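**Student:** You'll find my_file.cif just under this line, and it carries mmCIF, C-alpha atoms.
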data_entry
#
loop_
_atom_site.label_atom_id
_atom_site.label_comp_id
_atom_site.auth_asym_id
_atom_site.auth_seq_id
_atom_site.Cartn_x
_atom_site.Cartn_y
_atom_site.Cartn_z
CA MET A 7 0.00 0.00 0.00
CA THR A 8 1.15 3.56 -0.67
CA ALA A 9 2.44 5.01 2.59
CA LEU A 10 4.47 7.80 4.15
CA ALA A 11 8.18 7.31 3.57
CA GLY A 12 9.16 9.07 6.81
CA GLN A 13 7.75 9.90 10.22
CA GLN A 14 9.09 13.42 10.82
CA PRO A 15 6.69 16.39 11.09
CA GLY A 16 5.28 17.26 7.71
CA PRO A 17 5.36 20.49 5.71
CA PRO A 18 2.69 23.19 6.01
CA ARG A 19 -0.88 22.12 5.34
CA PRO A 20 -1.91 21.79 1.69
CA VAL A 21 -2.82 25.16 0.16
CA ARG A 22 -3.78 25.83 -3.46
CA THR A 23 -1.82 28.38 -5.46
CA GLU A 24 -2.80 29.60 -8.91
CA ARG A 25 -0.74 28.11 -11.74
CA ASP A 26 0.11 29.09 -15.32
CA TYR A 27 -0.10 26.03 -17.58
CA VAL A 28 0.59 25.39 -21.25
CA MET A 29 -1.07 22.54 -23.14
CA CYS A 30 -1.20 21.25 -26.73
CA PRO A 31 -4.28 19.44 -28.07
CA PRO A 32 -3.70 15.89 -29.38
CA ARG A 33 -5.10 16.66 -32.83
CA TYR A 34 -2.48 14.47 -34.51
CA PHE A 35 -1.92 12.05 -31.64
CA ALA A 36 -0.98 8.50 -32.63
CA VAL A 37 1.50 5.81 -31.66
CA GLU A 38 3.52 5.57 -34.86
CA TYR A 39 6.87 4.53 -33.33
CA ALA A 40 8.21 3.10 -30.07
CA ILE A 41 10.64 5.22 -28.06
CA ASN A 42 9.62 4.00 -24.59
CA PRO A 43 8.29 0.68 -23.21
CA TRP A 44 4.70 1.94 -23.14
CA MET A 45 4.48 2.47 -26.90
CA ASP A 46 3.25 -0.25 -29.27
CA PRO A 47 2.64 0.93 -32.86
CA GLY A 48 0.64 -2.22 -33.47
CA ALA A 49 -1.94 -1.47 -30.79
CA PRO A 50 -5.03 0.54 -31.79
CA VAL A 51 -5.33 4.14 -30.60
CA ASP A 52 -8.66 5.95 -30.37
CA ALA A 53 -7.76 9.51 -31.38
CA GLU A 54 -11.23 10.81 -30.61
CA LEU A 55 -11.10 9.39 -27.09
CA ALA A 56 -7.61 10.83 -26.59
CA MET A 57 -8.93 14.28 -27.51
CA HIS A 58 -11.85 13.86 -25.11
CA GLN A 59 -9.56 12.83 -22.25
CA TRP A 60 -7.24 15.74 -22.93
CA SER A 61 -10.20 18.15 -23.05
CA VAL A 62 -11.41 16.91 -19.66
CA LEU A 63 -7.91 17.45 -18.25
CA ARG A 64 -7.83 21.00 -19.59
CA ALA A 65 -11.31 21.71 -18.24
CA THR A 66 -10.24 20.35 -14.85
CA TYR A 67 -7.40 22.85 -14.60
CA GLU A 68 -9.68 25.69 -15.64
CA ARG A 69 -12.33 24.61 -13.12
CA LEU A 70 -9.67 24.77 -10.42
CA GLY A 71 -8.96 28.38 -11.40
CA HIS A 72 -5.69 27.93 -13.27
CA ARG A 73 -4.65 29.60 -16.50
CA VAL A 74 -4.29 27.33 -19.53
CA ARG A 75 -2.62 28.53 -22.72
CA LEU A 76 -2.58 26.47 -25.89
CA VAL A 77 0.12 25.59 -28.41
CA GLU A 78 -1.08 24.76 -31.92
CA PRO A 79 -0.05 21.17 -32.81
CA ARG A 80 1.75 20.34 -36.06
CA PRO A 81 1.01 17.47 -38.45
CA GLY A 82 3.58 14.70 -38.35
CA LEU A 83 4.46 15.33 -34.70
CA PRO A 84 2.09 13.03 -32.80
CA ASP A 85 3.76 13.54 -29.41
CA MET A 86 3.39 17.32 -29.22
CA VAL A 87 0.54 16.76 -26.78
CA PHE A 88 3.26 15.92 -24.24
CA VAL A 89 4.15 19.58 -23.86
CA ALA A 90 5.93 19.10 -20.53
CA ASN A 91 8.96 18.27 -22.68
CA ALA A 92 8.88 21.70 -24.36
CA ALA A 93 10.94 23.78 -21.93
CA THR A 94 11.74 24.57 -18.31
CA ALA A 95 10.67 28.05 -17.19
CA ILE A 96 11.47 29.50 -13.76
CA ASP A 97 11.11 33.17 -12.82
CA GLY A 98 11.29 34.36 -16.42
CA ARG A 99 14.33 32.29 -17.37
CA VAL A 100 13.61 29.59 -19.93
CA LEU A 101 15.74 26.65 -21.04
CA GLY A 102 14.45 25.02 -24.20
CA ALA A 103 14.44 21.31 -25.02
CA ARG A 104 16.66 19.07 -27.08
CA PHE A 105 15.16 15.64 -27.66
CA ARG A 106 17.17 12.42 -27.65
CA ASN A 107 14.97 10.69 -30.24
CA ALA A 108 14.87 11.90 -33.84
CA GLU A 109 11.10 11.38 -33.99
CA ARG A 110 10.51 14.21 -31.50
CA ALA A 111 13.46 16.47 -32.36
CA PRO A 112 11.46 18.90 -34.58
CA GLU A 113 9.14 19.72 -31.68
CA ALA A 114 11.84 21.75 -29.94
CA GLU A 115 11.85 24.56 -32.50
CA HIS A 116 8.06 24.80 -32.60
CA PHE A 117 7.89 25.10 -28.83
CA ARG A 118 10.68 27.71 -28.74
CA ASP A 119 8.86 29.75 -31.37
CA TRP A 120 5.62 29.60 -29.36
CA LEU A 121 7.34 30.62 -26.14
CA GLY A 122 9.12 33.47 -27.92
CA ALA A 123 5.81 34.76 -29.27
CA ASN A 124 4.11 34.43 -25.87
CA GLY A 125 6.23 36.46 -23.51
CA HIS A 126 9.49 34.50 -23.41
CA PRO A 127 11.71 35.82 -26.22
CA GLY A 128 14.94 34.76 -24.49
CA VAL A 129 14.50 30.98 -24.61
CA ARG A 130 17.93 29.35 -24.45
CA PRO A 131 18.34 26.32 -26.72
CA PRO A 132 20.35 23.69 -24.82
CA ALA A 133 23.67 22.22 -25.90
CA ALA A 134 23.08 18.87 -24.17
CA VAL A 135 20.08 16.57 -24.57
CA ASN A 136 17.45 17.90 -22.21
CA GLU A 137 13.81 16.81 -22.21
CA ALA A 138 12.65 19.71 -20.06
CA GLU A 139 10.04 19.13 -17.37
CA GLY A 140 10.07 15.46 -18.20
CA ASP A 141 13.38 15.29 -16.31
CA LEU A 142 13.59 18.69 -14.59
CA VAL A 143 11.21 19.04 -11.65
CA TRP A 144 11.06 22.30 -9.69
CA THR A 145 10.39 22.03 -5.95
CA GLY A 146 10.30 25.79 -5.41
CA ASP A 147 13.74 25.58 -3.82
CA VAL A 148 15.83 23.17 -5.91
CA LEU A 149 15.57 21.62 -9.36
CA LEU A 150 15.45 17.82 -9.25
CA ALA A 151 17.10 16.54 -12.43
CA GLY A 152 16.68 13.03 -13.79
CA SER A 153 19.01 11.06 -16.04
CA GLY A 154 19.50 7.48 -17.13
CA PHE A 155 17.30 7.19 -20.20
CA ARG A 156 16.68 10.58 -21.84
CA THR A 157 18.27 13.72 -20.42
CA ASP A 158 22.08 13.88 -20.55
CA PRO A 159 23.63 14.45 -17.08
CA ARG A 160 25.63 17.32 -18.62
CA ALA A 161 22.29 19.10 -19.09
CA HIS A 162 21.95 19.33 -15.31
CA ARG A 163 24.89 21.73 -15.09
CA GLU A 164 23.51 23.65 -18.05
CA ALA A 165 20.13 23.99 -16.33
CA ALA A 166 21.78 25.31 -13.18
CA ALA A 167 23.64 27.94 -15.19
CA VAL A 168 20.74 29.05 -17.40
CA LEU A 169 17.96 28.95 -14.81
CA GLY A 170 20.08 30.19 -11.90
CA VAL A 171 18.85 27.57 -9.43
CA PRO A 172 20.52 24.74 -7.49
CA VAL A 173 20.22 21.34 -9.16
CA VAL A 174 20.15 17.87 -7.60
CA SER A 175 20.89 14.96 -9.96
CA LEU A 176 18.90 11.72 -9.66
CA GLU A 177 19.54 8.52 -11.62
CA LEU A 178 16.60 6.52 -12.99
CA VAL A 179 17.13 2.77 -13.38
CA ASP A 180 13.80 1.31 -14.58
CA GLU A 181 13.12 1.88 -18.29
CA ARG A 182 9.35 2.00 -17.69
CA TYR A 183 9.98 5.24 -15.80
CA TYR A 184 12.07 6.81 -18.49
CA HIS A 185 11.49 10.41 -17.36
CA LEU A 186 11.66 11.77 -13.84
CA ASP A 187 8.06 12.96 -14.10
CA THR A 188 6.86 9.37 -14.48
CA ALA A 189 8.30 8.45 -11.07
CA LEU A 190 8.11 11.64 -8.97
CA PHE A 191 6.06 14.80 -8.57
CA VAL A 192 5.94 17.72 -6.15
CA LEU A 193 2.93 17.95 -3.86
CA THR A 194 3.86 21.12 -1.98
CA ARG A 195 6.57 23.54 -3.17
CA GLY A 196 8.95 25.63 -1.11
CA PRO A 197 11.83 25.18 1.37
CA ARG A 198 9.77 22.45 3.10
CA ALA A 199 8.63 20.81 -0.09
CA ARG A 200 6.85 17.47 -0.07
CA ILE A 201 7.11 15.00 -2.95
CA ALA A 202 5.55 11.70 -3.95
CA TYR A 203 7.74 9.15 -5.72
CA TYR A 204 8.28 5.49 -6.56
CA PRO A 205 11.57 4.47 -4.90
CA PRO A 206 12.40 1.41 -7.09
CA ALA A 207 12.54 3.66 -10.17
CA PHE A 208 15.72 5.23 -8.75
CA SER A 209 19.27 4.08 -8.10
CA ALA A 210 20.21 3.25 -4.51
CA ALA A 211 22.15 6.51 -4.25
CA ALA A 212 19.19 8.53 -5.52
CA GLN A 213 16.82 6.76 -3.13
CA ASP A 214 19.12 7.60 -0.23
CA LEU A 215 19.35 11.23 -1.31
CA LEU A 216 15.58 11.62 -1.73
CA GLY A 217 14.99 10.00 1.64
CA ARG A 218 17.28 12.53 3.31
CA MET A 219 15.97 15.53 1.41
CA PHE A 220 12.29 14.69 1.73
CA PRO A 221 11.68 12.68 4.92
CA ASP A 222 7.93 13.33 4.63
CA ALA A 223 7.65 12.07 1.05
CA VAL A 224 4.80 9.84 0.00
CA ALA A 225 6.16 6.55 -1.36
CA ALA A 226 3.96 5.05 -4.06
CA ASP A 227 3.61 1.31 -4.49
CA ALA A 228 4.11 -0.71 -7.66
CA ALA A 229 0.43 -0.61 -8.63
CA ASP A 230 0.29 3.18 -8.43
CA ALA A 231 3.49 3.49 -10.45
CA ALA A 232 2.37 0.97 -13.09
CA CYS A 233 -0.56 3.17 -14.16
CA LEU A 234 1.75 6.22 -14.29
CA GLY A 235 0.05 7.46 -11.14
CA LEU A 236 3.06 9.63 -10.35
CA ASN A 237 2.69 11.52 -13.61
CA ALA A 238 0.48 13.87 -11.66
CA VAL A 239 -0.02 17.62 -11.24
CA SER A 240 -0.46 19.32 -7.87
CA ASP A 241 -1.37 22.94 -7.23
CA GLY A 242 -0.49 22.54 -3.56
CA LYS A 243 -3.96 21.33 -2.62
CA HIS A 244 -5.59 19.57 -5.58
CA VAL A 245 -3.75 16.64 -7.16
CA VAL A 246 -4.80 15.68 -10.69
CA LEU A 247 -3.74 12.09 -11.25
CA PRO A 248 -4.66 8.98 -13.29
CA ALA A 249 -7.90 7.40 -12.11
CA GLU A 250 -6.29 3.99 -11.55
CA ALA A 251 -3.90 5.32 -8.86
CA THR A 252 -6.37 4.61 -6.06
CA GLY A 253 -3.83 3.77 -3.35
CA LEU A 254 -1.94 6.98 -3.98
CA ALA A 255 -5.16 8.99 -4.00
CA GLU A 256 -6.17 7.50 -0.66
CA ALA A 257 -2.80 8.32 0.90
CA LEU A 258 -2.94 11.90 -0.38
CA ALA A 259 -6.47 12.43 0.90
CA GLY A 260 -5.29 11.30 4.32
CA LEU A 261 -2.69 14.08 4.26
CA GLY A 262 -5.24 16.78 3.43
CA TYR A 263 -4.77 16.94 -0.34
CA GLU A 264 -7.74 16.64 -2.68
CA PRO A 265 -7.14 13.95 -5.31
CA ILE A 266 -8.86 14.54 -8.65
CA PRO A 267 -8.80 11.37 -10.75
CA VAL A 268 -8.88 11.68 -14.54
CA ASP A 269 -8.99 9.07 -17.30
CA VAL A 270 -5.87 9.21 -19.46
CA SER A 271 -5.95 5.63 -20.77
CA GLU A 272 -5.43 6.56 -24.45
CA LEU A 273 -2.63 9.01 -23.74
CA ARG A 274 -0.93 6.39 -21.56
CA LYS A 275 -0.51 4.23 -24.68
CA ALA A 276 2.33 6.61 -25.58
CA GLY A 277 3.69 6.69 -22.03
CA GLY A 278 1.96 9.90 -20.96
CA GLY A 279 -0.34 11.15 -18.23
CA PRO A 280 -1.57 14.45 -16.78
CA LYS A 281 1.89 15.90 -16.16
CA CYS A 282 3.23 14.90 -19.58
CA CYS A 283 0.39 16.96 -21.06
CA THR A 284 1.14 19.99 -18.86
CA LEU A 285 3.98 22.49 -18.96
CA GLU A 286 4.05 24.89 -16.02
CA LEU A 287 5.52 28.36 -16.38
CA HIS A 288 6.86 28.80 -12.85
CA ALA A 289 6.57 32.32 -11.49
#
What does the file become when written as structure tokens?
**Tutor:**
Amino acid sequence: MTALAGQQPGPPRPVRTERDYVMCPPRYFAVEYAINPWMDPGAPVDAELAMHQWSVLRATYERLGHRVRLVEPRPGLPDMVFVANAATAIDGRVLGARFRNAERAPEAEHFRDWLGANGHPGVRPPAAVNEAEGDLVWTGDVLLAGSGFRTDPRAHREAAAVLGVPVVSLELVDERYYHLDTALFVLTRGPRARIAYYPPAFSAAAQDLLGRMFPDAVAADAADAACLGLNAVSDGKHVVLPAEATGLAEALAGLGYEPIPVDVSELRKAGGGPKCCTLELHA
């Protein structure tokens, strides 16, 4: 069962803060290639259902009072819906993306152009492979940076320099959790941040580091991780997460958070969930 990873006093009570999100509709969504273990080009994908699920996710954010801005998708780029990989933006500084796989590489320029036209003209294109918020997770105090499958560890130093924030490197070791945002998310931001994560997705050293940094973390079990339950989005109070992550939802409710389950079954066929579909512009 999902449970608290530590017994020390927790962070401040859950409080909602307004967020600035960017999303991209899955107009051209399909599974045409396999670049992670979730993708099977031979399995059928219901594009209409994917659009419906995405629309419900967008409406959920808007119902919670958050701003949602939209990027226009491009034909031939079926994964643009996973806009979390577009960039990392903190306090007006923006580091663009550089994708490891050729199939997604053209997305980077489209996302940089959109950001430049929407208030962020100084987007820095990275030198090292960097899949943005897929592997760079802001706690409000430090940037947790994943590596092992996609983002180059050299990109961690680049992120620290461009974004002007401290960076903590974490190694992923399970290919099902190929991005950091599939195995960890931030529940409450700030100097006393609280996270939820799936420990077996990380190396022993990374598990030890996370345990010391976040003694009040919520540790998800295998069932919650297997439905990409940790690919979730929290505004500090409400936690939007895949509907199948029932154990995680129960644990969060017990801590005072409000879980909001959503159906992302079609989007999960490409290895995505609520967070993959959501880029946050951090103020």
**Student:** List every residue of segment 216-273 of chain A that has an atom at most 10 Å from any atom of segment 181-195 of chain A, giving for each one its closest atom pair and the distance in Å to one decimal, counting only C-alpha atoms, sorted by chain and then by ascending residue number, as a tab-separated table.
**Tutor:**
residue	atom	partner	partner_atom	distance
A:Ala223	CA	A:Leu193	CA	9.0
A:Val224	CA	A:Leu193	CA	9.2
A:Ala225	CA	A:Leu190	CA	9.4
A:Ala226	CA	A:Ala189	CA	8.9
A:Asp230	CA	A:Ala189	CA	9.9
A:Ala231	CA	A:Ala189	CA	6.9
A:Ala232	CA	A:Arg182	CA	8.4
A:Cys233	CA	A:Thr188	CA	9.7
A:Leu234	CA	A:Thr188	CA	6.0
A:Gly235	CA	A:Thr188	CA	7.8
A:Leu236	CA	A:Ala189	CA	5.4
A:Asn237	CA	A:Thr188	CA	4.8
A:Ala238	CA	A:Phe191	CA	6.4
A:Val239	CA	A:Phe191	CA	7.2
A:Ser240	CA	A:Leu193	CA	5.4
A:Asp241	CA	A:Leu193	CA	7.4
A:Gly242	CA	A:Thr194	CA	4.8
A:Lys243	CA	A:Leu193	CA	7.8
A:His244	CA	A:Leu193	CA	8.8
A:Val245	CA	A:Leu193	CA	7.6
A:Leu258	CA	A:Leu193	CA	9.1
A:Tyr263	CA	A:Leu193	CA	8.5
**Student:** Please produce a file of those selected residues containing C-alpha atoms, as an mmCIF file, in the frame of the given file.
**Tutor:**
data_model
loop_
_atom_site.group_PDB
_atom_site.id
_atom_site.type_symbol
_atom_site.label_atom_id
_atom_site.label_comp_id
_atom_site.auth_asym_id
_atom_site.auth_seq_id
_atom_site.Cartn_x
_atom_site.Cartn_y
_atom_site.Cartn_z
ATOM 1 C CA ALA A 223 7.650 12.070 1.050
ATOM 2 C CA VAL A 224 4.800 9.840 0.000
ATOM 3 C CA ALA A 225 6.160 6.550 -1.360
ATOM 4 C CA ALA A 226 3.960 5.050 -4.060
ATOM 5 C CA ASP A 230 0.290 3.180 -8.430
ATOM 6 C CA ALA A 231 3.490 3.490 -10.450
ATOM 7 C CA ALA A 232 2.370 0.970 -13.090
ATOM 8 C CA CYS A 233 -0.560 3.170 -14.160
ATOM 9 C CA LEU A 234 1.750 6.220 -14.290
ATOM 10 C CA GLY A 235 0.050 7.460 -11.140
ATOM 11 C CA LEU A 236 3.060 9.630 -10.350
ATOM 12 C CA ASN A 237 2.690 11.520 -13.610
ATOM 13 C CA ALA A 238 0.480 13.870 -11.660
ATOM 14 C CA VAL A 239 -0.020 17.620 -11.240
ATOM 15 C CA SER A 240 -0.460 19.320 -7.870
ATOM 16 C CA ASP A 241 -1.370 22.940 -7.230
ATOM 17 C CA GLY A 242 -0.490 22.540 -3.560
ATOM 18 C CA LYS A 243 -3.960 21.330 -2.620
ATOM 19 C CA HIS A 244 -5.590 19.570 -5.580
ATOM 20 C CA VAL A 245 -3.750 16.640 -7.160
ATOM 21 C CA LEU A 258 -2.940 11.900 -0.380
ATOM 22 C CA TYR A 263 -4.770 16.940 -0.340
#
**Student:** If I take atom CA of Pro47 of chain A and atom CA of Asn107 of chain A, how far is one from the other in Å, to one decimal?
**Tutor:**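 Interatomic distance here is 15.9 Å.
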**Student:** Record the distance separating atom CA of Gly140 of chain A and atom CA of Val173 of chain A, expressed in Å with one decimal.
**Tutor:**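 Straight-line distance from atom CA of Gly140 of chain A to atom CA of Val173 of chain A works out to 14.8 Å.
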**Student:** Could you tell me which of A:Pro43, A:Pro84, A:Gly146, A:Gly279 comes closest to Glu113 of chain A if we count only C-alpha atoms?
**Tutor:**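 When distances to Glu113 of chain A are compared using only C-alpha atoms, the smallest one comes from A:Pro84.
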**Student:** Using only C-alpha atoms, what residues lie at most 9 Å away from (-11.3, 10.8, -22.8) (file coordinates), given as a short mmCIF file (atom, residue, chain, number, x, y, z; two decimals) with C-alpha atoms, keeping the file's coordinate frame?
**Tutor:**
data_model
loop_
_atom_site.label_atom_id
_atom_site.label_comp_id
_atom_site.auth_asym_id
_atom_site.auth_seq_id
_atom_site.Cartn_x
_atom_site.Cartn_y
_atom_site.Cartn_z
CA GLU A 54 -11.23 10.81 -30.61
CA LEU A 55 -11.10 9.39 -27.09
CA ALA A 56 -7.61 10.83 -26.59
CA MET A 57 -8.93 14.28 -27.51
CA HIS A 58 -11.85 13.86 -25.11
CA GLN A 59 -9.56 12.83 -22.25
CA TRP A 60 -7.24 15.74 -22.93
CA SER A 61 -10.20 18.15 -23.05
CA VAL A 62 -11.41 16.91 -19.66
CA LEU A 63 -7.91 17.45 -18.25
CA VAL A 268 -8.88 11.68 -14.54
CA ASP A 269 -8.99 9.07 -17.30
CA VAL A 270 -5.87 9.21 -19.46
CA SER A 271 -5.95 5.63 -20.77
CA GLU A 272 -5.43 6.56 -24.45
CA LEU A 273 -2.63 9.01 -23.74
#
**Student:** Go through A:Gly82, A:Pro206, A:Pro20, A:Gly253 one by one, measure the shortest atom-to-atom distance of each to Ala229 of chain A using all atoms listed in the file, and give the residue with the smallest value.
**Tutor:** A:Gly253
**Student:** If the PyMOL selection byres ((chain A and resi 147-154) around 6) were run on this exact file, what residues would it hold? Put them as number ranges by chain.
**Tutor:** A: 141-146, 155, 157, 159, 172-178, 186, 196-197
**Student:** Please enumerate the residues selected by the PyMOL selection byres ((chain A and resi 44) around 7) when evaluated against the supplied file, formatted as number ranges by chain.
**Tutor:** A: 42-43, 45-46, 275-277
**Student:** At what distance in Å, to one decimal, does atom CA of Pro127 of chain A lie from atom CA of Gly102 of chain A?
**Tutor:** 11.3 Å
**Student:** Env of Arg33 of chain A: 7 Å cut, atoms = all atoms listed in the file, seq-sep filter 2 positions within chain, self excluded. Answer as a PyMOL selection string.
**Tutor:** chain A and resi 31+35+57+79
**Student:** Find the residues around Pro267 of chain A up to 7 Å (only C-alpha atoms counted), leave out those fewer than 5 positions away in its own chain, and share them as a list of chain:residue names.
**Tutor:**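 Listing them by chain and then by number gives A:Val246, A:Leu247, A:Pro248, A:Ala249.
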**Student:** Write a file of the just-selected residues containing C-alpha atoms, as a tab-separated table (two decimals), in the frame of the given file.
**Tutor:**
chain	number	residue	atom	x	y	z
A	246	VAL	CA	-4.80	15.68	-10.69
A	247	LEU	CA	-3.74	12.09	-11.25
A	248	PRO	CA	-4.66	8.98	-13.29
A	249	ALA	CA	-7.90	7.40	-12.11
**Student:** Please write the residues picked by the PyMOL selection byres ((chain A and resi 169) around 8) on this file as a ChimeraX atom specification.
**Tutor:** /A:95-96,99-101,165-168,170-171
**Student:** Write out the residues from the selection above, keeping C-alpha atoms, as a short mmCIF file (atom, residue, chain, number, x, y, z; two decimals), in the coordinates of the input.
**Tutor:**
data_model
loop_
_atom_site.label_atom_id
_atom_site.label_comp_id
_atom_site.auth_asym_id
_atom_site.auth_seq_id
_atom_site.Cartn_x
_atom_site.Cartn_y
_atom_site.Cartn_z
CA ALA A 95 10.67 28.05 -17.19
CA ILE A 96 11.47 29.50 -13.76
CA ARG A 99 14.33 32.29 -17.37
CA VAL A 100 13.61 29.59 -19.93
CA LEU A 101 15.74 26.65 -21.04
CA ALA A 165 20.13 23.99 -16.33
CA ALA A 166 21.78 25.31 -13.18
CA ALA A 167 23.64 27.94 -15.19
CA VAL A 168 20.74 29.05 -17.40
CA GLY A 170 20.08 30.19 -11.90
CA VAL A 171 18.85 27.57 -9.43
#
**Student:** Compare A:Pro280, A:Gly98, A:Pro112, A:Pro221 by their minimum atom-to-atom distance to Asp85 of chain A, counting only C-alpha atoms, and give me the closest one.
**Tutor:** A:Pro112
**Student:** Counting only C-alpha atoms, figure out which residue out of A:Met219, A:Ala103, A:Ala211, A:Ala255 gets nearest to Ala199 of chain A.
**Tutor:**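 Nearest to Ala199 of chain A: A:Met219.
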**Student:** Could you give me, as a ChimeraX atom specification, the residues that have an atom at most 10 Å away from the point (15.7, 19.8, -22.2) in the coordinates of the file, using all atoms listed in the file?
**Tutor:** /A:90-94,101-106,114,131-142,156-158,161-162,164-165
**Student:** Given the selection you just returned, output its residues as a file containing C-alpha atoms, formatted as a PDB file, keeping the file's coordinate frame.
**Tutor:**
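In the end it all went to selection.pdb:
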ATOM      1  CA  ALA A  90       5.930  19.100 -20.530  1.00  0.00           C
ATOM      2  CA  ASN A  91       8.960  18.270 -22.680  1.00  0.00           C
ATOM      3  CA  ALA A  92       8.880  21.700 -24.360  1.00  0.00           C
ATOM      4  CA  ALA A  93      10.940  23.780 -21.930  1.00  0.00           C
ATOM      5  CA  THR A  94      11.740  24.570 -18.310  1.00  0.00           C
ATOM      6  CA  LEU A 101      15.740  26.650 -21.040  1.00  0.00           C
ATOM      7  CA  GLY A 102      14.450  25.020 -24.200  1.00  0.00           C
ATOM      8  CA  ALA A 103      14.440  21.310 -25.020  1.00  0.00           C
ATOM      9  CA  ARG A 104      16.660  19.070 -27.080  1.00  0.00           C
ATOM     10  CA  PHE A 105      15.160  15.640 -27.660  1.00  0.00           C
ATOM     11  CA  ARG A 106      17.170  12.420 -27.650  1.00  0.00           C
ATOM     12  CA  ALA A 114      11.840  21.750 -29.940  1.00  0.00           C
ATOM     13  CA  PRO A 131      18.340  26.320 -26.720  1.00  0.00           C
ATOM     14  CA  PRO A 132      20.350  23.690 -24.820  1.00  0.00           C
ATOM     15  CA  ALA A 133      23.670  22.220 -25.900  1.00  0.00           C
ATOM     16  CA  ALA A 134      23.080  18.870 -24.170  1.00  0.00           C
ATOM     17  CA  VAL A 135      20.080  16.570 -24.570  1.00  0.00           C
ATOM     18  CA  ASN A 136      17.450  17.900 -22.210  1.00  0.00           C
ATOM     19  CA  GLU A 137      13.810  16.810 -22.210  1.00  0.00           C
ATOM     20  CA  ALA A 138      12.650  19.710 -20.060  1.00  0.00           C
ATOM     21  CA  GLU A 139      10.040  19.130 -17.370  1.00  0.00           C
ATOM     22  CA  GLY A 140      10.070  15.460 -18.200  1.00  0.00           C
ATOM     23  CA  ASP A 141      13.380  15.290 -16.310  1.00  0.00           C
ATOM     24  CA  LEU A 142      13.590  18.690 -14.590  1.00  0.00           C
ATOM     25  CA  ARG A 156      16.680  10.580 -21.840  1.00  0.00           C
ATOM     26  CA  THR A 157      18.270  13.720 -20.420  1.00  0.00           C
ATOM     27  CA  ASP A 158      22.080  13.880 -20.550  1.00  0.00           C
ATOM     28  CA  ALA A 161      22.290  19.100 -19.090  1.00  0.00           C
ATOM     29  CA  HIS A 162      21.950  19.330 -15.310  1.00  0.00           C
ATOM     30  CA  GLU A 164      23.510  23.650 -18.050  1.00  0.00           C
ATOM     31  CA  ALA A 165      20.130  23.990 -16.330  1.00  0.00           C
TER      32      ALA A 165
END
**Student:** Give the answer as one residue: which of A:Ala65, A:Ala49, A:Val89, A:Ala207 has the shortest atom-to-atom distance to Val28 of chain A, using only C-alpha atoms?
**Tutor:** A:Val89
**Student:** Adding 5 Å on each side of the box along x, y and z that holds all listed atoms of segment 189-207 of chain A, could you give its centre and edge lengths in Å to one decimal, as JSON?
**Tutor:**
{"center_x": 7.7, "center_y": 13.5, "center_z": -4.0, "size_x": 19.6, "size_y": 34.2, "size_z": 24.2}
